[in-house]
Amino acid sequence: MRSLRLLVCAFVLLALYRVARSFKYEHSNQQLSHCAQRSNRQINKLKDTQDHCSVTNDAVSRLYTKETFDSVTDRSKHMSKVDAGTFVIGTDEPIFFADGEGPKRQVYLDSFYIDEQEVSNGEFTAFVDATGYRTEAESFGDSFVFGGLLKKEVRSKVPVAVAQAPWWLQIKNADWKHPEGPASDLAHRMDHPVVHVSWNDAFAYCAWLGKRLPTEAEWEVACRGGLSDRLYPWGNNLIPNGRYRANIWQGDFPSNNTKEDGYESTSPVTEFPPNKYGLRNMIGNVWEWTFDWWSVDSGPSHGSDKVKKGGSYLCHKSYCFRYRCAARSQNTPDTSSGNLGFRCALSV
């Protein structure tokens with residue numbers, strides 16, 4: 001009976017979210033760059049004084065849990081193992097002080113696995129086909145798309161943009177299957193990272209596979225690939241030997257993308273060389289959700305925003321130098337956009 005009640009509450013809340021949502025735009029201080037002045041969905045908490053119920057992410061994810069796996073080995077296919085140890089994270093030379101990038105510090109982590117690649121459209125399609133899962137962008141009926149990917153006539157008809165970042169447009173019926181809106185599709189992009197997925201969507205996908213989202217510390221250690229105190233997964237030189245190793249913005253943002261790395265938007269999850277842990281696209285391509293709540297101090301047990309790491313194809317040093325392992329940003333758990341994806345982790 002309790003399970004039935006939770007199930008009913010879950011679907012009631014998802015329906016009510018669309019009515020209750022509003023947007024918030026915020027920035028920490030003058031040193032915070034435009035990419036952190038982001039688009040968020042802010043959901044008002046609804047209360048029923050007669051019979052209030054709350055549905056946790058754990059409860060929702062159990063609705064979609066895949067069949068039981070025989071062992072960790074079954075789940076760790078196409079994942080890299082990071083052995084337990086003491087690692088250095090953070091930096092003593094932060095670019096954005098307000099983000100809490102520093103200080104450099106040691107952390108001990110138990111062994112864990114992490115996906116070698118970002119979750120692709122093909123993989124997310126399998127999840128949806130097996131479960132009937134509906135993403136939050138689909139439920140809300142809109143998501144945020146970079147205006148530079150849209151035709152001029154489409155941009156001119158969009159009434160809502162993010163105040164501090166007008167290149168972000170709220171597009172009706174944009175979702176993971178239609179990354180630039182209803183006129184777009186996934187043709188030739190099944191091997192690209194899934195986007196327009198919220199933290200809650202990412203959580204549900206990982207739980208279905210018997211996995212989880214990586215903690216921020218796990219993600220950063222994995223990004224560094226065994227290196228210490230380096231900007232990027234391969235070192236401090238962004239373009240070693242004149243070759244790009246990540247999908248980021250080249251040219252003048254947001255008006256001119258010279259596409260020197262070969263891509264205007266997302267790239268395949270298999271593109272670009274892996275780091276020493278065998279992980280690809282740890283920076284650039286798409287931001288990646290982590291498990292942690294956002295704080296500029298020690299990790300809190302609750303909050304309003306979740307940590308995302310890695311930067312995206314829209315990041316440029318002139319305005320969003322966050323394609324660094326130590327860099328971090330945040331969004332509300334129900335936020336989705338065309339440059340936000342994820343990968344999963346697994347405890348050993």
# chains A, B, ... in the order shown; residues from 1 in each chain; ligands from 1
>>> select_by_dssp(residues="range 75-178 of chain A", states="helix (DSSP H, G or I)", output="list in words")
Arg75, Phe97, Ala98, Asp99, Asn121, Gly122, Glu123, Phe124, Thr125, Ala126, Phe127, Val128, Asp129, Ala130, Thr131, Glu136, Ala137, Glu138, Ser139, Phe140, Gly147, Gly148, Leu149, Lys152, Glu153, Val154 and Arg155 of chain A
>>> write_last_selection(atoms="N, CA and C atoms", output="PDB file, in the first residue's frame")
ATOM      1  N   ARG A  75      28.043  -5.060 -14.487  1.00  0.00           N
ATOM      2  CA  ARG A  75      27.709  -3.640 -14.575  1.00  0.00           C
ATOM      3  C   ARG A  75      28.893  -2.772 -14.982  1.00  0.00           C
ATOM      4  N   PHE A  97      36.972  32.414  -7.888  1.00  0.00           N
ATOM      5  CA  PHE A  97      36.995  32.233  -6.438  1.00  0.00           C
ATOM      6  C   PHE A  97      35.605  31.906  -5.899  1.00  0.00           C
ATOM      7  N   ALA A  98      34.587  32.561  -6.457  1.00  0.00           N
ATOM      8  CA  ALA A  98      33.226  32.386  -5.953  1.00  0.00           C
ATOM      9  C   ALA A  98      32.696  30.971  -6.149  1.00  0.00           C
ATOM     10  N   ASP A  99      33.319  30.216  -7.037  1.00  0.00           N
ATOM     11  CA  ASP A  99      32.872  28.846  -7.298  1.00  0.00           C
ATOM     12  C   ASP A  99      33.400  27.841  -6.285  1.00  0.00           C
ATOM     13  N   ASN A 121      23.062   9.094 -26.828  1.00  0.00           N
ATOM     14  CA  ASN A 121      21.660   9.046 -27.210  1.00  0.00           C
ATOM     15  C   ASN A 121      21.185   7.608 -27.418  1.00  0.00           C
ATOM     16  N   GLY A 122      22.043   6.784 -28.002  1.00  0.00           N
ATOM     17  CA  GLY A 122      21.673   5.387 -28.211  1.00  0.00           C
ATOM     18  C   GLY A 122      21.423   4.661 -26.906  1.00  0.00           C
ATOM     19  N   GLU A 123      22.272   4.893 -25.921  1.00  0.00           N
ATOM     20  CA  GLU A 123      22.111   4.244 -24.622  1.00  0.00           C
ATOM     21  C   GLU A 123      20.873   4.750 -23.899  1.00  0.00           C
ATOM     22  N   PHE A 124      20.618   6.047 -23.987  1.00  0.00           N
ATOM     23  CA  PHE A 124      19.437   6.589 -23.316  1.00  0.00           C
ATOM     24  C   PHE A 124      18.161   6.118 -24.000  1.00  0.00           C
ATOM     25  N   THR A 125      18.230   5.931 -25.320  1.00  0.00           N
ATOM     26  CA  THR A 125      17.084   5.381 -26.049  1.00  0.00           C
ATOM     27  C   THR A 125      16.724   4.001 -25.531  1.00  0.00           C
ATOM     28  N   ALA A 126      17.722   3.170 -25.270  1.00  0.00           N
ATOM     29  CA  ALA A 126      17.475   1.821 -24.742  1.00  0.00           C
ATOM     30  C   ALA A 126      16.779   1.891 -23.392  1.00  0.00           C
ATOM     31  N   PHE A 127      17.183   2.827 -22.557  1.00  0.00           N
ATOM     32  CA  PHE A 127      16.564   3.037 -21.248  1.00  0.00           C
ATOM     33  C   PHE A 127      15.098   3.422 -21.399  1.00  0.00           C
ATOM     34  N   VAL A 128      14.823   4.382 -22.255  1.00  0.00           N
ATOM     35  CA  VAL A 128      13.447   4.844 -22.444  1.00  0.00           C
ATOM     36  C   VAL A 128      12.585   3.753 -23.050  1.00  0.00           C
ATOM     37  N   ASP A 129      13.127   3.021 -24.025  1.00  0.00           N
ATOM     38  CA  ASP A 129      12.373   1.933 -24.650  1.00  0.00           C
ATOM     39  C   ASP A 129      12.020   0.846 -23.637  1.00  0.00           C
ATOM     40  N   ALA A 130      12.921   0.590 -22.688  1.00  0.00           N
ATOM     41  CA  ALA A 130      12.703  -0.483 -21.720  1.00  0.00           C
ATOM     42  C   ALA A 130      11.772  -0.072 -20.583  1.00  0.00           C
ATOM     43  N   THR A 131      11.731   1.222 -20.285  1.00  0.00           N
ATOM     44  CA  THR A 131      11.006   1.667 -19.076  1.00  0.00           C
ATOM     45  C   THR A 131       9.827   2.588 -19.353  1.00  0.00           C
ATOM     46  N   GLU A 136      12.182  15.160 -17.611  1.00  0.00           N
ATOM     47  CA  GLU A 136      11.539  16.355 -17.081  1.00  0.00           C
ATOM     48  C   GLU A 136      11.335  17.413 -18.166  1.00  0.00           C
ATOM     49  N   ALA A 137      12.253  17.515 -19.117  1.00  0.00           N
ATOM     50  CA  ALA A 137      12.052  18.461 -20.218  1.00  0.00           C
ATOM     51  C   ALA A 137      10.789  18.118 -21.001  1.00  0.00           C
ATOM     52  N   GLU A 138      10.544  16.823 -21.197  1.00  0.00           N
ATOM     53  CA  GLU A 138       9.331  16.405 -21.889  1.00  0.00           C
ATOM     54  C   GLU A 138       8.093  16.740 -21.068  1.00  0.00           C
ATOM     55  N   SER A 139       8.183  16.570 -19.758  1.00  0.00           N
ATOM     56  CA  SER A 139       7.052  16.878 -18.884  1.00  0.00           C
ATOM     57  C   SER A 139       6.784  18.373 -18.816  1.00  0.00           C
ATOM     58  N   PHE A 140       7.851  19.169 -18.717  1.00  0.00           N
ATOM     59  CA  PHE A 140       7.683  20.623 -18.698  1.00  0.00           C
ATOM     60  C   PHE A 140       7.228  21.166 -20.050  1.00  0.00           C
ATOM     61  N   GLY A 147      21.093  29.684 -28.804  1.00  0.00           N
ATOM     62  CA  GLY A 147      20.485  30.356 -29.945  1.00  0.00           C
ATOM     63  C   GLY A 147      21.278  30.265 -31.227  1.00  0.00           C
ATOM     64  N   GLY A 148      22.605  30.143 -31.123  1.00  0.00           N
ATOM     65  CA  GLY A 148      23.439  30.056 -32.310  1.00  0.00           C
ATOM     66  C   GLY A 148      23.205  28.815 -33.138  1.00  0.00           C
ATOM     67  N   LEU A 149      22.517  27.821 -32.591  1.00  0.00           N
ATOM     68  CA  LEU A 149      22.220  26.598 -33.328  1.00  0.00           C
ATOM     69  C   LEU A 149      20.866  26.668 -34.031  1.00  0.00           C
ATOM     70  N   LYS A 152      17.589  32.031 -37.815  1.00  0.00           N
ATOM     71  CA  LYS A 152      17.248  33.382 -37.398  1.00  0.00           C
ATOM     72  C   LYS A 152      15.748  33.557 -37.211  1.00  0.00           C
ATOM     73  N   GLU A 153      14.954  32.993 -38.120  1.00  0.00           N
ATOM     74  CA  GLU A 153      13.510  33.145 -38.015  1.00  0.00           C
ATOM     75  C   GLU A 153      12.952  32.449 -36.781  1.00  0.00           C
ATOM     76  N   VAL A 154      13.607  31.371 -36.345  1.00  0.00           N
ATOM     77  CA  VAL A 154      13.182  30.687 -35.130  1.00  0.00           C
ATOM     78  C   VAL A 154      13.543  31.523 -33.908  1.00  0.00           C
ATOM     79  N   ARG A 155      14.766  32.048 -33.895  1.00  0.00           N
ATOM     80  CA  ARG A 155      15.207  32.871 -32.766  1.00  0.00           C
ATOM     81  C   ARG A 155      14.318  34.092 -32.567  1.00  0.00           C
TER      82      ARG A 155
END
>>> select_by_dssp(residues="range 212-320 of chain A", states="strand (DSSP E)", output="VMD selection string")
chain A and resid 251 to 252 256 to 257 287 to 293 306 to 309
>>> closest_residue(among="A:His302, A:Lys157, A:Arg224, A:Lys276", to="Phe87 in chain A", atoms="only C-alpha atoms")
A:Arg224
>>> atom_distance(atom1="CA of Arg324 in chain A", atom2="CA of Leu169 in chain A")
25.8 Å
>>> atom_distance(atom1="CA of Ala84 in chain A", atom2="CA of Arg322 in chain A")
26.8 Å
>>> atom_distance(atom1="CA of Ile171 in chain A", atom2="CA of Ser184 in chain A")
11.8 Å
>>> closest_residue(among="A:Asp191, A:Lys177, A:Tyr232, A:Ala202", to="Asn275 in chain A", atoms="only C-alpha atoms")
A:Tyr232
